>>> print(open('entry32.csv').read())   # CSV, C-alpha atoms
chain,number,residue,atom,x,y,z
A,1263,MET,CA,7.6,-8.5,9.0
A,1264,VAL,CA,4.8,-7.2,6.8
A,1265,HIS,CA,1.1,-8.0,6.9
A,1266,ARG,CA,-1.3,-7.8,4.0
A,1267,LEU,CA,-5.1,-7.5,4.4
A,1268,TYR,CA,-6.9,-8.9,1.4
A,1269,VAL,CA,-10.4,-9.7,0.3
A,1270,PRO,CA,-11.7,-13.3,0.6
A,1271,HIS,CA,-11.8,-15.2,-2.7
A,1272,GLY,CA,-14.4,-13.9,-5.1
A,1273,GLN,CA,-15.0,-10.6,-3.4
A,1274,LEU,CA,-14.1,-7.1,-4.4
A,1275,TYR,CA,-12.0,-4.6,-2.5
A,1276,LEU,CA,-13.9,-1.8,-0.7
A,1277,SER,CA,-13.5,1.7,-2.0
A,1278,PRO,CA,-11.2,4.0,0.0
A,1279,GLN,CA,-14.2,5.9,1.2
A,1280,VAL,CA,-15.9,2.8,2.5
A,1281,VAL,CA,-12.6,1.7,4.2
A,1282,LEU,CA,-12.3,5.0,5.9
A,1283,ARG,CA,-16.0,4.9,7.1
A,1284,ARG,CA,-15.5,1.5,8.6
A,1285,LEU,CA,-12.2,2.5,10.3
A,1286,GLU,CA,-13.9,5.6,11.7
A,1287,SER,CA,-16.7,3.4,13.1
A,1288,GLU,CA,-14.1,1.0,14.8
A,1289,PHE,CA,-11.3,3.4,16.0
A,1290,PRO,CA,-11.5,6.6,18.0
A,1291,TYR,CA,-8.6,8.1,16.0
A,1292,VAL,CA,-8.6,8.1,12.2
A,1293,GLU,CA,-6.7,10.6,10.1
A,1294,ALA,CA,-6.7,10.4,6.3
A,1295,ASP,CA,-4.5,12.3,3.8
A,1296,GLU,CA,-5.3,12.1,0.1
A,1297,GLU,CA,-2.0,13.8,-1.0
A,1298,ASP,CA,0.0,11.3,1.1
A,1299,GLY,CA,-1.9,8.5,-0.6
A,1300,ARG,CA,-1.1,9.9,-4.1
A,1301,ARG,CA,2.5,10.5,-3.1
A,1302,HIS,CA,2.8,6.9,-1.9
A,1303,VAL,CA,1.4,5.5,-5.2
A,1304,ARG,CA,3.8,7.7,-7.2
A,1305,LYS,CA,6.7,6.4,-5.2
A,1306,ILE,CA,5.6,2.8,-5.9
A,1307,ILE,CA,5.3,3.6,-9.6
A,1308,ARG,CA,8.8,5.2,-9.7
A,1309,GLN,CA,10.3,2.2,-7.9
A,1310,LEU,CA,8.7,-0.3,-10.3
A,1311,TRP,CA,9.9,1.8,-13.3
A,1312,LYS,CA,13.5,1.7,-11.9
A,1313,ILE,CA,13.2,-2.1,-11.5
A,1314,LYS,CA,11.8,-2.5,-15.0
A,1315,GLN,CA,14.7,-0.5,-16.5
A,1316,THR,CA,17.3,-2.8,-15.0
A,1317,GLY,CA,15.7,-5.7,-16.8
A,1318,ILE,CA,16.6,-8.1,-14.0
A,1319,ILE,CA,13.1,-8.6,-12.6
A,1320,PRO,CA,10.1,-8.5,-14.9
A,1321,VAL,CA,7.5,-5.8,-14.1
A,1322,ASP,CA,3.9,-6.2,-15.2
A,1323,ASP,CA,3.1,-3.2,-17.5
A,1324,ASP,CA,-0.7,-3.7,-16.9
A,1325,TYR,CA,-0.1,-3.3,-13.2
A,1326,LEU,CA,1.9,-0.1,-13.7
A,1327,ASP,CA,-0.9,1.2,-16.0
A,1328,ARG,CA,-3.5,0.4,-13.3
A,1329,LEU,CA,-1.5,2.2,-10.6
A,1330,GLN,CA,-1.3,5.2,-12.9
A,1331,LYS,CA,-5.1,5.2,-13.3
A,1332,VAL,CA,-6.0,4.7,-9.6
A,1333,GLN,CA,-3.4,6.9,-8.0
A,1334,ARG,CA,-5.8,9.9,-7.7
A,1335,GLY,CA,-8.1,7.8,-5.6
A,1336,ALA,CA,-5.5,6.7,-3.1
A,1337,VAL,CA,-5.6,7.8,0.5
A,1338,TYR,CA,-3.1,7.3,3.2
A,1339,VAL,CA,-4.7,6.6,6.6
A,1340,TYR,CA,-3.4,6.6,10.2
A,1341,PHE,CA,-5.6,5.0,12.9
A,1342,GLY,CA,-5.7,3.5,16.3
A,1343,ASP,CA,-7.0,4.0,19.8
A,1344,ASN,CA,-4.6,6.6,21.1
A,1345,PRO,CA,-3.1,9.2,18.8
A,1346,GLY,CA,-0.4,10.0,21.4
A,1347,SER,CA,1.1,6.6,21.2
A,1348,GLU,CA,3.5,5.9,18.3
A,1349,THR,CA,3.6,2.2,18.9
A,1350,ALA,CA,-0.2,1.8,19.1
A,1351,LEU,CA,-1.0,3.3,15.7
A,1352,LEU,CA,-1.2,1.7,12.3
A,1353,SER,CA,-0.9,3.4,8.9
A,1354,THR,CA,-1.3,2.3,5.3
A,1355,ALA,CA,-2.1,3.4,1.8
A,1356,ILE,CA,-5.6,2.6,0.7
A,1357,ILE,CA,-5.2,2.1,-3.1
A,1358,PRO,CA,-8.4,1.3,-5.0
A,1359,GLY,CA,-8.5,-2.4,-5.9
A,1360,GLU,CA,-5.4,-3.3,-3.8
A,1361,PRO,CA,-4.8,-5.1,-0.5
A,1362,LEU,CA,-3.8,-3.0,2.5
A,1363,ILE,CA,-0.1,-3.4,3.4
A,1364,PHE,CA,1.1,-2.9,6.9
A,1365,ASP,CA,4.8,-2.5,7.7
A,1366,TYR,CA,6.2,-2.0,11.2
A,1367,SER,CA,8.9,0.2,12.6
A,1368,SER,CA,10.0,-2.4,15.1
A,1369,ARG,CA,9.2,-5.7,16.7
A,1370,ALA,CA,7.6,-3.8,19.6
A,1371,HIS,CA,5.4,-1.8,17.1
A,1372,ARG,CA,4.3,-5.1,15.4
A,1373,GLN,CA,3.4,-6.7,18.8
A,1374,ALA,CA,1.6,-3.6,20.1
A,1375,THR,CA,-0.5,-3.2,17.0
A,1376,GLN,CA,-1.7,-6.8,16.5
A,1377,PRO,CA,-5.0,-6.2,18.2
A,1378,LEU,CA,-5.5,-3.1,15.9
A,1379,LEU,CA,-4.7,-5.2,12.9
A,1380,GLN,CA,-7.2,-7.8,13.9
A,1381,ARG,CA,-9.9,-5.2,14.5
A,1382,CYS,CA,-9.2,-3.6,11.2
A,1383,ALA,CA,-9.5,-6.9,9.3
A,1384,ALA,CA,-12.7,-7.7,11.1
A,1385,ALA,CA,-14.2,-4.2,10.4
A,1386,LEU,CA,-13.4,-4.6,6.7
A,1387,GLY,CA,-14.2,-8.2,6.3
A,1388,TYR,CA,-10.6,-8.9,5.0
A,1389,ASP,CA,-8.3,-11.7,5.6
A,1390,ILE,CA,-4.7,-11.3,7.0
A,1391,ALA,CA,-1.5,-12.8,5.5
A,1392,GLU,CA,2.1,-12.4,6.6
A,1393,MET,CA,4.5,-11.6,3.9
>>> encode(input="entry32.csv", output="structure tokens")
Amino acid sequence: MVHRLYVPHGQLYLSPQVVLRRLESEFPYVEADEEDGRRHVRKIIRQLWKIKQTGIIPVDDDYLDRLQKVQRGAVYVYFGDNPGSETALLSTAIIPGEPLIFDYSSRAHRQATQPLLQRCAAALGYDIAEM
């Protein structure tokens, strides 16, 4: 199960810096890593290029170009109430102009972090969707 936090129709995504400030105002533990964010975007780009090369699934070239352009602004963030608890922390890449995607290590992790996900969405003014 994966969750996506996205902006309501007609609104723009918050910049990574604004997302971080809002998370810092909501959660006692927030750790951000710019290099992890860039690494994450590079990994997505590599995966999409591999998919594109197979020719089985079409890949949007404009999207690939956009990821190339924004990767320097990406930040990976870890946040929650208790940094000592692996099941009560969330992490995601904040990619400029993109929704936040949350993946879970287990069903227990997903259940334990639902209140954090709700608070994160409220702090950002984003909506939640299951994928």
>>> closest_atom_pairs(input="entry32.csv", of="region 1298-1380 of chain A", to="region 1271-1282 of chain A", cutoff="6 Å", atoms="only C-alpha atoms", output="tab-separated table")
residue	atom	partner	partner_atom	distance
A:Ile1356	CA	A:Pro1278	CA	5.8
A:Pro1358	CA	A:Ser1277	CA	5.9
A:Gly1359	CA	A:Tyr1275	CA	5.4
>>> write_last_selection(input="entry32.csv", atoms="C-alpha atoms", output="short mmCIF file (atom, residue, chain, number, x, y, z; two decimals), in the coordinates of the input")
data_model
loop_
_atom_site.label_atom_id
_atom_site.label_comp_id
_atom_site.auth_asym_id
_atom_site.auth_seq_id
_atom_site.Cartn_x
_atom_site.Cartn_y
_atom_site.Cartn_z
CA ILE A 1356 -5.60 2.60 0.70
CA PRO A 1358 -8.40 1.30 -5.00
CA GLY A 1359 -8.50 -2.40 -5.90
#
>>> closest_residue(input="entry32.csv", among="A:Gln1309, A:Gln1376, A:Ser1368, A:Ser1347", to="Ile1390 (chain A)", atoms="all atoms listed in the file")
A:Gln1376
>>> closest_residue(input="entry32.csv", among="A:Glu1296, A:Arg1304, A:Ala1374, A:Asp1322", to="Ala1336 (chain A)", atoms="all atoms listed in the file")
A:Glu1296
>>> atom_distance(input="entry32.csv", atom1="CA of Glu1297 (chain A)", atom2="CA of Gly1342 (chain A)")
20.5 Å
>>> closest_residue(input="entry32.csv", among="A:Ile1363, A:Ala1355, A:Ala1370, A:Val1332", to="Asp1389 (chain A)", atoms="only C-alpha atoms")
A:Ile1363
>>> atom_distance(input="entry32.csv", atom1="CA of Asp1327 (chain A)", atom2="CA of Tyr1366 (chain A)")
28.3 Å
>>> atom_distance(input="entry32.csv", atom1="CA of Arg1300 (chain A)", atom2="CA of Leu1362 (chain A)")
14.7 Å
>>> residues_around(input="entry32.csv", residues="region 1351-1353 of chain A", least_positions_apart="3", cutoff="10 Å", atoms="all atoms listed in the file", output="PyMOL selection string")
chain A and resi 1291-1294+1338-1348+1356+1362-1366+1371-1372+1374-1376+1378-1379+1382
>>> closest_residue(input="entry32.csv", among="A:Ile1313, A:Leu1386, A:Leu1267, A:Ile1307", to="Leu1326 (chain A)", atoms="all atoms listed in the file")
A:Ile1307
>>> residues_around(input="entry32.csv", residues="Asp1323 (chain A)", least_positions_apart="6", cutoff="10 Å", atoms="only C-alpha atoms", output="list in words")
Leu1310, Trp1311, Lys1314 and Leu1329 of chain A
>>> build_atoms(input="entry32.csv", residues="region 1309-1340 of chain A", atoms="N, CA and C atoms", output="compact mmCIF listing (two decimals), in the frame of the given file")
# COMPACT_ATOMS: atom_id res chain seq x y z
N GLN A 1309 9.50 3.33 -8.23
CA GLN A 1309 10.30 2.20 -7.90
C GLN A 1309 10.16 1.05 -8.89
N LEU A 1310 8.93 0.80 -9.32
CA LEU A 1310 8.70 -0.30 -10.30
C LEU A 1310 9.33 0.08 -11.65
N TRP A 1311 9.28 1.37 -12.05
CA TRP A 1311 9.90 1.80 -13.30
C TRP A 1311 11.43 1.56 -13.23
N LYS A 1312 12.03 1.87 -12.09
CA LYS A 1312 13.50 1.70 -11.90
C LYS A 1312 13.81 0.17 -12.04
N ILE A 1313 13.01 -0.65 -11.39
CA ILE A 1313 13.20 -2.10 -11.50
C ILE A 1313 13.07 -2.58 -12.90
N LYS A 1314 12.05 -2.08 -13.57
CA LYS A 1314 11.80 -2.50 -15.00
C LYS A 1314 12.98 -2.11 -15.85
N GLN A 1315 13.54 -0.94 -15.63
CA GLN A 1315 14.70 -0.50 -16.50
C GLN A 1315 15.90 -1.34 -16.31
N THR A 1316 16.08 -1.95 -15.14
CA THR A 1316 17.30 -2.80 -15.00
C THR A 1316 17.12 -4.08 -15.79
N GLY A 1317 15.89 -4.52 -16.02
CA GLY A 1317 15.70 -5.70 -16.80
C GLY A 1317 15.92 -7.02 -16.03
N ILE A 1318 16.30 -6.91 -14.77
CA ILE A 1318 16.60 -8.10 -14.00
C ILE A 1318 15.36 -8.81 -13.52
N ILE A 1319 14.38 -8.02 -13.10
CA ILE A 1319 13.10 -8.60 -12.60
C ILE A 1319 12.00 -8.06 -13.52
N PRO A 1320 11.17 -8.95 -14.05
CA PRO A 1320 10.10 -8.50 -14.90
C PRO A 1320 9.03 -7.69 -14.09
N VAL A 1321 8.51 -6.65 -14.71
CA VAL A 1321 7.50 -5.80 -14.10
C VAL A 1321 6.26 -5.84 -15.00
N ASP A 1322 5.12 -6.07 -14.42
CA ASP A 1322 3.90 -6.20 -15.20
C ASP A 1322 3.43 -4.76 -15.63
N ASP A 1323 3.46 -4.55 -16.94
CA ASP A 1323 3.10 -3.20 -17.50
C ASP A 1323 1.60 -2.93 -17.20
N ASP A 1324 0.75 -3.94 -17.21
CA ASP A 1324 -0.70 -3.70 -16.90
C ASP A 1324 -0.84 -3.20 -15.47
N TYR A 1325 -0.04 -3.74 -14.56
CA TYR A 1325 -0.10 -3.30 -13.20
C TYR A 1325 0.36 -1.84 -13.06
N LEU A 1326 1.44 -1.49 -13.74
CA LEU A 1326 1.90 -0.10 -13.70
C LEU A 1326 0.83 0.83 -14.30
N ASP A 1327 0.20 0.43 -15.38
CA ASP A 1327 -0.90 1.20 -16.00
C ASP A 1327 -2.03 1.41 -14.99
N ARG A 1328 -2.39 0.31 -14.31
CA ARG A 1328 -3.50 0.40 -13.30
C ARG A 1328 -3.16 1.31 -12.20
N LEU A 1329 -1.92 1.25 -11.69
CA LEU A 1329 -1.50 2.20 -10.60
C LEU A 1329 -1.60 3.62 -11.08
N GLN A 1330 -1.19 3.87 -12.32
CA GLN A 1330 -1.30 5.20 -12.90
C GLN A 1330 -2.74 5.72 -12.83
N LYS A 1331 -3.66 4.83 -13.20
CA LYS A 1331 -5.10 5.20 -13.30
C LYS A 1331 -5.72 5.42 -11.92
N VAL A 1332 -5.31 4.65 -10.91
CA VAL A 1332 -6.00 4.70 -9.60
C VAL A 1332 -5.30 5.63 -8.61
N GLN A 1333 -4.12 6.17 -8.94
CA GLN A 1333 -3.40 6.90 -8.00
C GLN A 1333 -4.13 8.14 -7.41
N ARG A 1334 -4.99 8.75 -8.21
CA ARG A 1334 -5.80 9.90 -7.70
C ARG A 1334 -6.76 9.54 -6.66
N GLY A 1335 -7.17 8.26 -6.62
CA GLY A 1335 -8.10 7.80 -5.60
C GLY A 1335 -7.52 7.27 -4.36
N ALA A 1336 -6.19 7.23 -4.31
CA ALA A 1336 -5.50 6.70 -3.10
C ALA A 1336 -5.55 7.63 -1.95
N VAL A 1337 -5.61 7.05 -0.77
CA VAL A 1337 -5.60 7.80 0.50
C VAL A 1337 -4.69 7.12 1.46
N TYR A 1338 -3.91 7.89 2.19
CA TYR A 1338 -3.10 7.30 3.20
C TYR A 1338 -3.83 7.53 4.56
N VAL A 1339 -3.91 6.49 5.37
CA VAL A 1339 -4.70 6.60 6.60
C VAL A 1339 -3.81 6.18 7.80
N TYR A 1340 -4.04 6.88 8.90
CA TYR A 1340 -3.40 6.60 10.20
C TYR A 1340 -4.54 6.35 11.16
